[in-house]
file entry-v2.pdb (PDB, C-alpha atoms (C1' of nucleotides))
ATOM      1  CA  MET A   1     145.246 -54.207 109.286
ATOM      2  CA  ALA A   2     144.670 -50.650 110.448
ATOM      3  CA  ASN A   3     143.209 -48.259 107.883
ATOM      4  CA  SER A   4     142.276 -51.024 105.430
ATOM      5  CA  THR A   5     139.395 -50.328 103.078
ATOM      6  CA  PHE A   6     137.090 -52.823 101.370
ATOM      7  CA  LYS A   7     134.631 -51.786  98.660
ATOM      8  CA  LEU A   8     131.820 -53.926  97.273
ATOM      9  CA  ALA A   9     129.378 -52.940  94.526
ATOM     10  CA  THR A  10     126.164 -54.490  93.193
ATOM     11  CA  TRP A  11     124.558 -53.774  89.822
ATOM     12  CA  ASN A  12     121.724 -55.326  87.842
ATOM     13  CA  ILE A  13     123.382 -54.899  84.453
ATOM     14  CA  ASN A  14     120.591 -56.231  82.163
ATOM     15  CA  SER A  15     122.995 -58.054  79.802
ATOM     16  CA  VAL A  16     126.672 -57.991  80.709
ATOM     17  CA  ARG A  17     127.746 -58.575  77.093
ATOM     18  CA  LEU A  18     125.812 -55.592  75.765
ATOM     19  CA  ARG A  19     126.996 -53.311  78.552
ATOM     20  CA  ILE A  20     130.565 -54.473  79.183
ATOM     21  CA  GLY A  21     131.764 -50.993  78.144
ATOM     22  CA  ILE A  22     129.985 -49.166  80.968
ATOM     23  CA  VAL A  23     130.962 -51.928  83.400
ATOM     24  CA  GLU A  24     134.621 -51.318  82.523
ATOM     25  CA  GLN A  25     134.151 -47.586  82.970
ATOM     26  CA  PHE A  26     132.517 -48.094  86.368
ATOM     27  CA  LEU A  27     135.337 -50.377  87.556
ATOM     28  CA  LYS A  28     138.015 -47.927  86.385
ATOM     29  CA  ASP A  29     136.317 -44.970  88.048
ATOM     30  CA  HIS A  30     135.338 -46.562  91.358
ATOM     31  CA  GLU A  31     137.669 -49.562  91.812
ATOM     32  CA  PRO A  32     135.523 -51.787  94.056
ATOM     33  CA  ASP A  33     137.273 -54.899  95.358
ATOM     34  CA  VAL A  34     134.221 -56.979  94.452
ATOM     35  CA  LEU A  35     131.407 -56.413  91.946
ATOM     36  CA  CYS A  36     128.190 -58.448  92.056
ATOM     37  CA  LEU A  37     126.198 -58.434  88.818
ATOM     38  CA  GLN A  38     122.632 -59.610  88.194
ATOM     39  CA  GLU A  39     120.769 -60.334  84.957
ATOM     40  CA  ILE A  40     123.963 -61.127  83.099
ATOM     41  CA  LYS A  41     121.746 -62.847  80.477
ATOM     42  CA  CYS A  42     124.407 -65.206  79.205
ATOM     43  CA  GLN A  43     125.776 -68.680  79.692
ATOM     44  CA  ASN A  44     128.954 -69.194  81.720
ATOM     45  CA  ASP A  45     131.148 -69.649  78.638
ATOM     46  CA  GLN A  46     129.830 -66.385  77.146
ATOM     47  CA  PHE A  47     130.780 -64.314  80.206
ATOM     48  CA  PRO A  48     133.296 -61.595  79.148
ATOM     49  CA  GLN A  49     135.960 -62.684  81.653
ATOM     50  CA  LYS A  50     138.837 -61.237  79.583
ATOM     51  CA  ALA A  51     137.547 -57.701  80.062
ATOM     52  CA  PHE A  52     137.477 -58.254  83.833
ATOM     53  CA  ASP A  53     140.920 -59.908  83.821
ATOM     54  CA  ALA A  54     142.388 -56.844  82.103
ATOM     55  CA  LEU A  55     141.210 -54.667  84.990
ATOM     56  CA  GLY A  56     142.526 -56.996  87.688
ATOM     57  CA  TYR A  57     139.262 -58.817  88.418
ATOM     58  CA  THR A  58     140.798 -62.212  87.784
ATOM     59  CA  TYR A  59     138.580 -64.138  90.206
ATOM     60  CA  SER A  60     134.952 -64.819  89.382
ATOM     61  CA  ALA A  61     131.936 -66.847  90.410
ATOM     62  CA  VAL A  62     129.624 -66.999  87.400
ATOM     63  CA  HIS A  63     126.227 -68.677  87.427
ATOM     64  CA  GLY A  64     124.522 -67.942  84.144
ATOM     65  CA  GLN A  65     121.981 -69.408  81.773
ATOM     66  CA  LYS A  66     120.834 -68.746  78.244
ATOM     67  CA  GLY A  67     118.924 -65.532  77.646
ATOM     68  CA  TYR A  68     117.559 -64.748  81.103
ATOM     69  CA  HIS A  69     118.576 -64.094  84.692
ATOM     70  CA  GLY A  70     122.081 -65.081  85.743
ATOM     71  CA  VAL A  71     124.383 -63.709  88.439
ATOM     72  CA  ALA A  72     128.131 -63.199  88.604
ATOM     73  CA  THR A  73     130.552 -62.026  91.274
ATOM     74  CA  VAL A  74     133.966 -60.753  90.119
ATOM     75  CA  SER A  75     136.828 -59.926  92.450
ATOM     76  CA  LYS A  76     140.382 -58.674  92.720
ATOM     77  CA  GLN A  77     140.867 -61.018  95.676
ATOM     78  CA  PRO A  78     140.515 -64.816  95.619
ATOM     79  CA  LEU A  79     137.070 -66.396  95.797
ATOM     80  CA  ASN A  80     136.620 -69.696  97.581
ATOM     81  CA  GLU A  81     133.674 -71.967  98.406
ATOM     82  CA  ILE A  82     131.754 -70.915  95.280
ATOM     83  CA  ALA A  83     128.253 -72.387  95.289
ATOM     84  CA  SER A  84     124.721 -71.612  94.210
ATOM     85  CA  THR A  85     121.398 -72.557  95.693
ATOM     86  CA  ASP A  86     118.474 -73.515  93.489
ATOM     87  CA  TYR A  87     115.710 -71.608  95.265
ATOM     88  CA  VAL A  88     112.164 -73.010  94.790
ATOM     89  CA  GLY A  89     113.696 -75.803  92.673
ATOM     90  CA  MET A  90     113.157 -73.882  89.446
ATOM     91  CA  GLY A  91     116.568 -74.666  87.987
ATOM     92  CA  ASP A  92     117.165 -70.991  87.218
ATOM     93  CA  THR A  93     120.195 -68.865  88.087
ATOM     94  CA  ARG A  94     119.344 -66.411  90.831
ATOM     95  CA  HIS A  95     121.978 -66.956  93.519
ATOM     96  CA  VAL A  96     125.720 -67.387  93.789
ATOM     97  CA  LYS A  97     127.754 -67.259  96.954
ATOM     98  CA  CYS A  98     131.443 -67.268  97.673
ATOM     99  CA  LEU A  99     133.980 -66.661 100.399
ATOM    100  CA  VAL A 100     136.155 -63.663  99.515
ATOM    101  CA  ASP A 101     139.711 -63.749 100.799
ATOM    102  CA  THR A 102     139.879 -60.020 101.608
ATOM    103  CA  LYS A 103     142.830 -58.091 103.032
ATOM    104  CA  VAL A 104     141.045 -58.116 106.396
ATOM    105  CA  GLY A 105     140.006 -61.769 106.398
ATOM    106  CA  PRO A 106     137.374 -64.064 104.919
ATOM    107  CA  LEU A 107     133.984 -62.605 103.975
ATOM    108  CA  HIS A 108     130.893 -64.484 102.797
ATOM    109  CA  VAL A 109     129.189 -62.765  99.851
ATOM    110  CA  HIS A 110     125.704 -63.741  98.641
ATOM    111  CA  ASN A 111     124.625 -62.352  95.268
ATOM    112  CA  PHE A 112     120.850 -62.565  94.604
ATOM    113  CA  TYR A 113     118.399 -61.917  91.802
ATOM    114  CA  VAL A 114     114.950 -62.342  93.386
ATOM    115  CA  PRO A 115     112.076 -63.018  90.933
ATOM    116  CA  ALA A 116     110.230 -59.894  89.804
ATOM    117  CA  GLY A 117     106.845 -61.572  90.221
ATOM    118  CA  SER A 118     105.023 -60.192  87.161
ATOM    119  CA  ASP A 119     101.999 -57.890  87.374
ATOM    120  CA  GLU A 120      99.248 -59.358  89.486
ATOM    121  CA  ALA A 121      99.834 -59.398  93.250
ATOM    122  CA  ASP A 122      97.889 -62.624  93.766
ATOM    123  CA  PRO A 123      99.720 -65.939  94.236
ATOM    124  CA  VAL A 124      96.621 -67.924  93.215
ATOM    125  CA  LYS A 125      96.126 -66.184  89.879
ATOM    126  CA  ASN A 126      99.754 -65.415  89.178
ATOM    127  CA  PRO A 127     102.303 -68.272  89.393
ATOM    128  CA  LYS A 128     105.221 -65.830  89.126
ATOM    129  CA  PHE A 129     104.057 -63.946  92.201
ATOM    130  CA  ASP A 130     103.692 -67.286  93.975
ATOM    131  CA  HIS A 131     107.265 -68.090  92.941
ATOM    132  CA  LYS A 132     108.466 -64.757  94.383
ATOM    133  CA  LEU A 133     106.780 -65.395  97.759
ATOM    134  CA  LYS A 134     108.160 -68.934  97.946
ATOM    135  CA  PHE A 135     111.614 -67.612  97.090
ATOM    136  CA  LEU A 136     111.386 -65.174 100.030
ATOM    137  CA  ASP A 137     110.241 -68.000 102.310
ATOM    138  CA  GLU A 138     113.329 -70.018 101.459
ATOM    139  CA  MET A 139     115.605 -66.988 101.884
ATOM    140  CA  LYS A 140     114.528 -66.845 105.545
ATOM    141  CA  GLU A 141     116.757 -69.869 106.173
ATOM    142  CA  LEU A 142     119.861 -67.886 105.234
ATOM    143  CA  THR A 143     121.689 -66.584 108.278
ATOM    144  CA  SER A 144     124.273 -63.806 108.350
ATOM    145  CA  ASP A 145     126.193 -65.741 110.992
ATOM    146  CA  ILE A 146     128.256 -68.508 109.382
ATOM    147  CA  ASP A 147     131.124 -69.812 111.528
ATOM    148  CA  GLY A 148     131.880 -66.358 112.912
ATOM    149  CA  ALA A 149     132.991 -64.794 109.609
ATOM    150  CA  PRO A 150     131.201 -61.641 108.419
ATOM    151  CA  SER A 151     128.581 -61.925 105.655
ATOM    152  CA  ILE A 152     127.258 -59.600 102.987
ATOM    153  CA  LEU A 153     124.068 -60.146 100.993
ATOM    154  CA  VAL A 154     123.485 -57.987  97.928
ATOM    155  CA  GLY A 155     121.496 -57.900  94.766
ATOM    156  CA  ASP A 156     118.323 -57.054  92.947
ATOM    157  CA  LEU A 157     115.776 -58.156  95.534
ATOM    158  CA  ASN A 158     112.936 -56.670  93.472
ATOM    159  CA  ILE A 159     111.199 -55.298  96.564
ATOM    160  CA  ALA A 160     111.154 -51.704  97.827
ATOM    161  CA  PRO A 161     110.371 -52.196 101.533
ATOM    162  CA  LEU A 162     110.013 -48.661 102.950
ATOM    163  CA  GLU A 163     107.713 -45.747 102.124
ATOM    164  CA  ASN A 164     110.586 -43.649 100.835
ATOM    165  CA  ASP A 165     111.902 -46.531  98.740
ATOM    166  CA  VAL A 166     109.260 -45.664  96.109
ATOM    167  CA  TRP A 167     108.154 -42.425  94.464
ATOM    168  CA  SER A 168     104.626 -42.753  95.863
ATOM    169  CA  HIS A 169     103.886 -45.106  98.736
ATOM    170  CA  LYS A 170     100.114 -44.722  98.318
ATOM    171  CA  LYS A 171     100.083 -45.285  94.570
ATOM    172  CA  LEU A 172     102.332 -48.325  94.734
ATOM    173  CA  LEU A 173     100.756 -50.222  97.644
ATOM    174  CA  LYS A 174      99.049 -52.604  95.203
ATOM    175  CA  VAL A 175     101.908 -52.653  92.705
ATOM    176  CA  VAL A 176     104.182 -55.693  92.721
ATOM    177  CA  SER A 177     107.482 -54.743  94.444
ATOM    178  CA  HIS A 178     105.800 -52.658  97.177
ATOM    179  CA  THR A 179     102.782 -54.706  98.344
ATOM    180  CA  PRO A 180     102.601 -55.456 102.098
ATOM    181  CA  ILE A 181     102.954 -59.224 101.590
ATOM    182  CA  GLU A 182     106.271 -58.614  99.816
ATOM    183  CA  THR A 183     107.631 -55.917 102.117
ATOM    184  CA  ASP A 184     106.632 -57.985 105.193
ATOM    185  CA  GLY A 185     108.287 -61.001 103.589
ATOM    186  CA  LEU A 186     111.514 -59.125 102.952
ATOM    187  CA  ASN A 187     111.530 -57.768 106.504
ATOM    188  CA  ASP A 188     111.078 -61.338 107.777
ATOM    189  CA  VAL A 189     114.081 -62.447 105.708
ATOM    190  CA  MET A 190     116.117 -59.627 107.224
ATOM    191  CA  ARG A 191     114.980 -60.374 110.765
ATOM    192  CA  SER A 192     115.351 -64.138 110.694
ATOM    193  CA  GLY A 193     118.826 -63.960 109.161
ATOM    194  CA  ASP A 194     119.902 -61.073 111.429
ATOM    195  CA  TRP A 195     120.825 -58.881 108.441
ATOM    196  CA  ARG A 196     121.383 -55.100 108.502
ATOM    197  CA  ASP A 197     120.111 -52.821 105.713
ATOM    198  CA  LEU A 198     123.260 -50.827 104.962
ATOM    199  CA  ILE A 199     121.725 -48.392 102.462
ATOM    200  CA  ARG A 200     119.267 -47.319 105.153
ATOM    201  CA  LYS A 201     121.995 -47.325 107.800
ATOM    202  CA  HIS A 202     123.672 -44.618 105.723
ATOM    203  CA  ILE A 203     120.666 -42.777 104.233
ATOM    204  CA  PRO A 204     117.879 -41.796 106.687
ATOM    205  CA  GLU A 205     114.463 -43.421 106.207
ATOM    206  CA  ASP A 206     112.763 -40.066 105.645
ATOM    207  CA  GLU A 207     114.877 -39.452 102.551
ATOM    208  CA  LYS A 208     113.836 -40.899  99.186
ATOM    209  CA  ILE A 209     116.455 -43.088  97.543
ATOM    210  CA  PHE A 210     115.988 -45.160  94.368
ATOM    211  CA  THR A 211     118.140 -47.622  92.429
ATOM    212  CA  TRP A 212     115.808 -48.391  89.502
ATOM    213  CA  TRP A 213     113.790 -46.319  87.032
ATOM    214  CA  SER A 214     111.591 -47.885  84.319
ATOM    215  CA  TYR A 215     112.729 -47.740  80.712
ATOM    216  CA  ARG A 216     109.174 -46.737  79.833
ATOM    217  CA  ALA A 217     109.194 -43.375  81.542
ATOM    218  CA  LYS A 218     109.686 -40.587  79.041
ATOM    219  CA  ASP A 219     112.024 -38.538  81.194
ATOM    220  CA  TRP A 220     113.195 -40.763  84.038
ATOM    221  CA  ASP A 221     115.208 -37.983  85.683
ATOM    222  CA  ALA A 222     112.510 -35.301  85.723
ATOM    223  CA  ALA A 223     109.642 -37.687  86.541
ATOM    224  CA  ASP A 224     111.828 -39.523  89.091
ATOM    225  CA  LYS A 225     109.376 -42.376  89.515
ATOM    226  CA  GLY A 226     111.950 -44.757  90.872
ATOM    227  CA  ARG A 227     112.118 -47.585  93.367
ATOM    228  CA  ARG A 228     114.836 -48.955  95.674
ATOM    229  CA  LEU A 229     114.960 -52.539  94.416
ATOM    230  CA  ASP A 230     118.670 -53.173  94.918
ATOM    231  CA  HIS A 231     120.046 -53.812  98.383
ATOM    232  CA  VAL A 232     123.212 -54.211 100.418
ATOM    233  CA  TRP A 233     122.825 -56.124 103.662
ATOM    234  CA  SER A 234     125.434 -57.359 106.112
ATOM    235  CA  SER A 235     125.914 -59.207 109.360
ATOM    236  CA  PRO A 236     125.703 -56.924 112.435
ATOM    237  CA  LYS A 237     129.374 -56.621 113.316
ATOM    238  CA  ILE A 238     130.715 -55.554 109.910
ATOM    239  CA  ALA A 239     127.838 -53.072 109.636
ATOM    240  CA  ASP A 240     129.774 -51.019 112.187
ATOM    241  CA  ASN A 241     132.638 -50.799 109.699
ATOM    242  CA  LEU A 242     130.479 -49.199 107.003
ATOM    243  CA  SER A 243     131.936 -45.813 106.084
ATOM    244  CA  ASP A 244     130.027 -44.964 102.892
ATOM    245  CA  ILE A 245     127.159 -45.970 100.598
ATOM    246  CA  MET A 246     127.122 -44.602  97.066
ATOM    247  CA  VAL A 247     124.078 -44.929  94.801
ATOM    248  CA  LEU A 248     125.365 -43.942  91.359
ATOM    249  CA  ARG A 249     122.213 -42.248  90.044
ATOM    250  CA  GLU A 250     124.089 -40.690  87.128
ATOM    251  CA  ALA A 251     124.589 -44.173  85.621
ATOM    252  CA  ARG A 252     120.897 -44.237  84.673
ATOM    253  CA  GLY A 253     121.665 -41.395  82.249
ATOM    254  CA  TRP A 254     124.628 -43.090  80.537
ATOM    255  CA  GLU A 255     124.548 -44.223  76.910
ATOM    256  CA  LYS A 256     122.433 -47.399  76.591
ATOM    257  CA  PRO A 257     121.954 -47.648  80.380
ATOM    258  CA  SER A 258     120.717 -50.492  82.513
ATOM    259  CA  ASP A 259     117.424 -49.614  84.203
ATOM    260  CA  HIS A 260     119.251 -50.208  87.531
ATOM    261  CA  VAL A 261     122.225 -48.217  88.838
ATOM    262  CA  PRO A 262     125.261 -49.477  90.786
ATOM    263  CA  VAL A 263     125.299 -49.314  94.574
ATOM    264  CA  MET A 264     128.677 -49.410  96.313
ATOM    265  CA  ALA A 265     129.458 -49.901  99.994
ATOM    266  CA  THR A 266     132.801 -48.919 101.530
ATOM    267  CA  PHE A 267     134.030 -50.494 104.773
ATOM    268  CA  LYS A 268     136.903 -49.238 106.885
ATOM    269  CA  PHE A 269     138.844 -51.375 109.363
TER     270      PHE A 269
ATOM    271  C1'  DA B   1     100.975 -43.272  84.450
ATOM    272  C1'  DT B   2     100.631 -51.441  83.940
ATOM    273  C1'  DG B   3     103.350 -48.471  79.837
ATOM    274  C1'  DA B   4     104.983 -44.922  75.610
ATOM    275  C1'  DC B   5     111.189 -49.506  76.427
ATOM    276  C1'  DG B   6     114.539 -52.594  75.761
ATOM    277  C1'  DG B   7     116.922 -57.266  76.191
ATOM    278  C1'  DA B   8     117.680 -62.258  73.993
ATOM    279  C1'  DT B   9     116.489 -65.354  70.601
ATOM    280  C1'  DC B  10     117.589 -70.657  65.373
ATOM    281  C1'  DT B  11     116.365 -62.290  62.674
ATOM    282  C1'  DA B  12     110.855 -62.100  63.424
ATOM    283  C1'  DA B  13     107.760 -61.775  66.409
ATOM    284  C1'  DT B  14     107.687 -63.521  70.846
ATOM    285  C1'  DC B  15     108.786 -63.904  75.621
ATOM    286  C1'  DC B  16     110.446 -61.471  79.492
ATOM    287  C1'  DG B  17     111.337 -57.692  82.874
ATOM    288  C1'  DA B  18     109.017 -54.629  87.222
TER     289       DA B  18
END
call {"tool": "encode", "arguments": {"input": "entry-v2.pdb", "output": "structure tokens"}}
result
Amino acid sequence: MANSTFKLATWNINSVRLRIGIVEQFLKDHEPDVLCLQEIKCQNDQFPQKAFDALGYTYSAVHGQKGYHGVATVSKQPLNEIASTDYVGMGDTRHVKCLVDTKVGPLHVHNFYVPAGSDEADPVKNPKFDHKLKFLDEMKELTSDIDGAPSILVGDLNIAPLENDVWSHKKLLKVVSHTPIETDGLNDVMRSGDWRDLIRKHIPEDEKIFTWWSYRAKDWDAADKGRRLDHVWSSPKIADNLSDIMVLREARGWEKPSDHVPVMATFKF
DNA sequence: ATGACGGATCTAATCCGA
């Protein structure tokens, strides 16, 4: 057990079928044990499992639907207890969990795609924002402590909670993804479930770090108007085993990129 | 700097993302 390493990555891929080529490249270059994808935008039987099989990711937990949303967790190690929760009873595909049989023991992995919430930050006028807030409310029930095994929660949570999680705190205070009702809500989810923010455990809060840049910006790299929408959380004990967090900014500049980049956490035991 | 983009869908214009 000594000197074992476990690597887990999360990536909102914005269509796994369109971007299977860069997914393969990422897996070859970085070799995570587990990859959690969001916005796969396909049904379960359209998921490109063969491409993952060829790279050794023979285990998968896929929860997709036609055209929109959808999450998938692929793994080199067996996945058990695969299940999804229908948050807010919408019948959409925004969560899949599993128990990974890692080299160092069982690990619960939750893969989330929280609703974006549309433009207007008012739950009365905007049903999608209402949906987002209700989704957060229900996430508060999710604890990081399940029968003593460690837990990891990752995904596109569509909220940038801290000042340096956005390019301008002042300019984005009324913009959906950084409004106080959302950032308070996300902090409540973290507190009530006893989750640790591993990106911020590794990168100090006074340092800007982003995982998403809009497609609409002319020069995303120069303008750098990003947000940290993607997250890696864990239960307290395994947080002490974190040895590295990598935010693969360069992936935003790849051919036909997703608007999100991969984030990978490395644990040492 | 709420958009100038980009995805999926009964391929054409519509919905969606954040």
call {"tool": "interface_residues", "arguments": {"input": "entry-v2.pdb", "of": "chain B", "to": "chain A", "cutoff": "10 Å", "atoms": "all atoms listed in the file", "output": "PyMOL selection string"}}
result
chain B and resi 1-9+16-18
call {"tool": "write_last_selection", "arguments": {"input": "entry-v2.pdb", "atoms": "C-alpha atoms (C1' of nucleotides)", "output": "PDB file, in the frame of the given file"}}
result
ATOM      1  C1'  DA B   1     100.975 -43.272  84.450  1.00  0.00           C
ATOM      2  C1'  DT B   2     100.631 -51.441  83.940  1.00  0.00           C
ATOM      3  C1'  DG B   3     103.350 -48.471  79.837  1.00  0.00           C
ATOM      4  C1'  DA B   4     104.983 -44.922  75.610  1.00  0.00           C
ATOM      5  C1'  DC B   5     111.189 -49.506  76.427  1.00  0.00           C
ATOM      6  C1'  DG B   6     114.539 -52.594  75.761  1.00  0.00           C
ATOM      7  C1'  DG B   7     116.922 -57.266  76.191  1.00  0.00           C
ATOM      8  C1'  DA B   8     117.680 -62.258  73.993  1.00  0.00           C
ATOM      9  C1'  DT B   9     116.489 -65.354  70.601  1.00  0.00           C
ATOM     10  C1'  DC B  16     110.446 -61.471  79.492  1.00  0.00           C
ATOM     11  C1'  DG B  17     111.337 -57.692  82.874  1.00  0.00           C
ATOM     12  C1'  DA B  18     109.017 -54.629  87.222  1.00  0.00           C
TER      13       DA B  18
END
call {"tool": "residues_near_point", "arguments": {"input": "entry-v2.pdb", "point": "(125.3, -66.0, 96.8)", "cutoff": "7 Å", "atoms": "only C-alpha atoms (C1' of nucleotides)", "output": "NGL selection string"}}
result
:A and (84 or 95-98 or 109-112)
call {"tool": "atom_distance", "arguments": {"input": "entry-v2.pdb", "atom1": "CA of Ala251 in chain A", "atom2": "CA of His108 in chain A"}}
result
27.3 Å
call {"tool": "resolve_selection", "arguments": {"input": "entry-v2.pdb", "expression": "the PyMOL selection byres ((chain A and resi 180) around 12)", "output": "PyMOL selection string"}}
result
chain A and resi 121-122+133+159-163+169-170+172-179+181-188
call {"tool": "write_last_selection", "arguments": {"input": "entry-v2.pdb", "atoms": "C-alpha atoms", "output": "mmCIF file, in the coordinates of the input"}}
result
data_model
loop_
_atom_site.group_PDB
_atom_site.id
_atom_site.type_symbol
_atom_site.label_atom_id
_atom_site.label_comp_id
_atom_site.auth_asym_id
_atom_site.auth_seq_id
_atom_site.Cartn_x
_atom_site.Cartn_y
_atom_site.Cartn_z
ATOM 1 C CA ALA A 121 99.834 -59.398 93.250
ATOM 2 C CA ASP A 122 97.889 -62.624 93.766
ATOM 3 C CA LEU A 133 106.780 -65.395 97.759
ATOM 4 C CA ILE A 159 111.199 -55.298 96.564
ATOM 5 C CA ALA A 160 111.154 -51.704 97.827
ATOM 6 C CA PRO A 161 110.371 -52.196 101.533
ATOM 7 C CA LEU A 162 110.013 -48.661 102.950
ATOM 8 C CA GLU A 163 107.713 -45.747 102.124
ATOM 9 C CA HIS A 169 103.886 -45.106 98.736
ATOM 10 C CA LYS A 170 100.114 -44.722 98.318
ATOM 11 C CA LEU A 172 102.332 -48.325 94.734
ATOM 12 C CA LEU A 173 100.756 -50.222 97.644
ATOM 13 C CA LYS A 174 99.049 -52.604 95.203
ATOM 14 C CA VAL A 175 101.908 -52.653 92.705
ATOM 15 C CA VAL A 176 104.182 -55.693 92.721
ATOM 16 C CA SER A 177 107.482 -54.743 94.444
ATOM 17 C CA HIS A 178 105.800 -52.658 97.177
ATOM 18 C CA THR A 179 102.782 -54.706 98.344
ATOM 19 C CA ILE A 181 102.954 -59.224 101.590
ATOM 20 C CA GLU A 182 106.271 -58.614 99.816
ATOM 21 C CA THR A 183 107.631 -55.917 102.117
ATOM 22 C CA ASP A 184 106.632 -57.985 105.193
ATOM 23 C CA GLY A 185 108.287 -61.001 103.589
ATOM 24 C CA LEU A 186 111.514 -59.125 102.952
ATOM 25 C CA ASN A 187 111.530 -57.768 106.504
ATOM 26 C CA ASP A 188 111.078 -61.338 107.777
#
call {"tool": "resolve_selection", "arguments": {"input": "entry-v2.pdb", "expression": "the PyMOL selection byres ((chain A and resi 208) around 12)", "output": "ChimeraX atom specification"}}
result
/A:160,162-169,199-200,203-207,209-211,224-228,247
call {"tool": "resolve_selection", "arguments": {"input": "entry-v2.pdb", "expression": "the PyMOL selection byres ((chain A and resi 267) around 6)", "output": "list in words"}}
result
Thr5, Phe6, Asn241, Leu242, Ser243, Thr266 and Lys268 of chain A
call {"tool": "closest_residue", "arguments": {"input": "entry-v2.pdb", "among": "A:Asp197, A:Val74, A:Lys237, A:Val23", "to": "Gly148 in chain A", "atoms": "all atoms listed in the file"}}
result
A:Lys237
call {"tool": "atom_distance", "arguments": {"input": "entry-v2.pdb", "atom1": "CA of Ala265 in chain A", "atom2": "CA of Asp45 in chain A"}}
result
29.1 Å
call {"tool": "residues_around", "arguments": {"input": "entry-v2.pdb", "residues": "Gln38 in chain A", "least_positions_apart": "4", "cutoff": "9 Å", "atoms": "all atoms listed in the file", "output": "PyMOL selection string"}}
result
chain A and resi 10-16+69-73+94+111-113+155-156
call {"tool": "atom_distance", "arguments": {"input": "entry-v2.pdb", "atom1": "CA of Ser60 in chain A", "atom2": "CA of Asn44 in chain A"}}
result
10.7 Å
call {"tool": "closest_residue", "arguments": {"input": "entry-v2.pdb", "among": "A:Gln43, A:Ser234, A:Asn126, A:Gln25", "to": "Lys201 in chain A", "atoms": "all atoms listed in the file"}}
result
A:Ser234
call {"tool": "closest_residue", "arguments": {"input": "entry-v2.pdb", "among": "A:Val104, A:Phe135, A:Trp195, A:Gly56", "to": "Gly89 in chain A", "atoms": "all atoms listed in the file"}}
result
A:Phe135
call {"tool": "decode", "arguments": {"input": "entry-v2.pdb", "residues": "chain B", "atoms": "C-alpha atoms (C1' of nucleotides)", "output": "short mmCIF file (atom, residue, chain, number, x, y, z; two decimals), in the first residue's frame"}}
result
data_model
loop_
_atom_site.label_atom_id
_atom_site.label_comp_id
_atom_site.auth_asym_id
_atom_site.auth_seq_id
_atom_site.Cartn_x
_atom_site.Cartn_y
_atom_site.Cartn_z
"C1'" DA B 1 -18.12 43.09 -22.62
"C1'" DT B 2 -25.24 39.17 -21.66
"C1'" DG B 3 -22.16 38.29 -26.43
"C1'" DA B 4 -19.16 38.63 -31.33
"C1'" DC B 5 -19.69 30.97 -30.25
"C1'" DG B 6 -20.71 26.50 -30.64
"C1'" DG B 7 -23.33 22.06 -29.60
"C1'" DA B 8 -27.56 18.79 -30.95
"C1'" DT B 9 -31.41 18.15 -33.64
"C1'" DC B 10 -36.31 14.38 -37.93
"C1'" DT B 11 -30.43 19.68 -41.94
"C1'" DA B 12 -32.93 24.52 -40.78
"C1'" DA B 13 -33.65 27.40 -37.65
"C1'" DT B 14 -34.30 26.64 -32.99
"C1'" DC B 15 -33.15 25.60 -28.33
"C1'" DC B 16 -29.52 25.50 -25.09
"C1'" DG B 17 -25.25 26.75 -22.51
"C1'" DA B 18 -23.02 30.40 -18.58
#
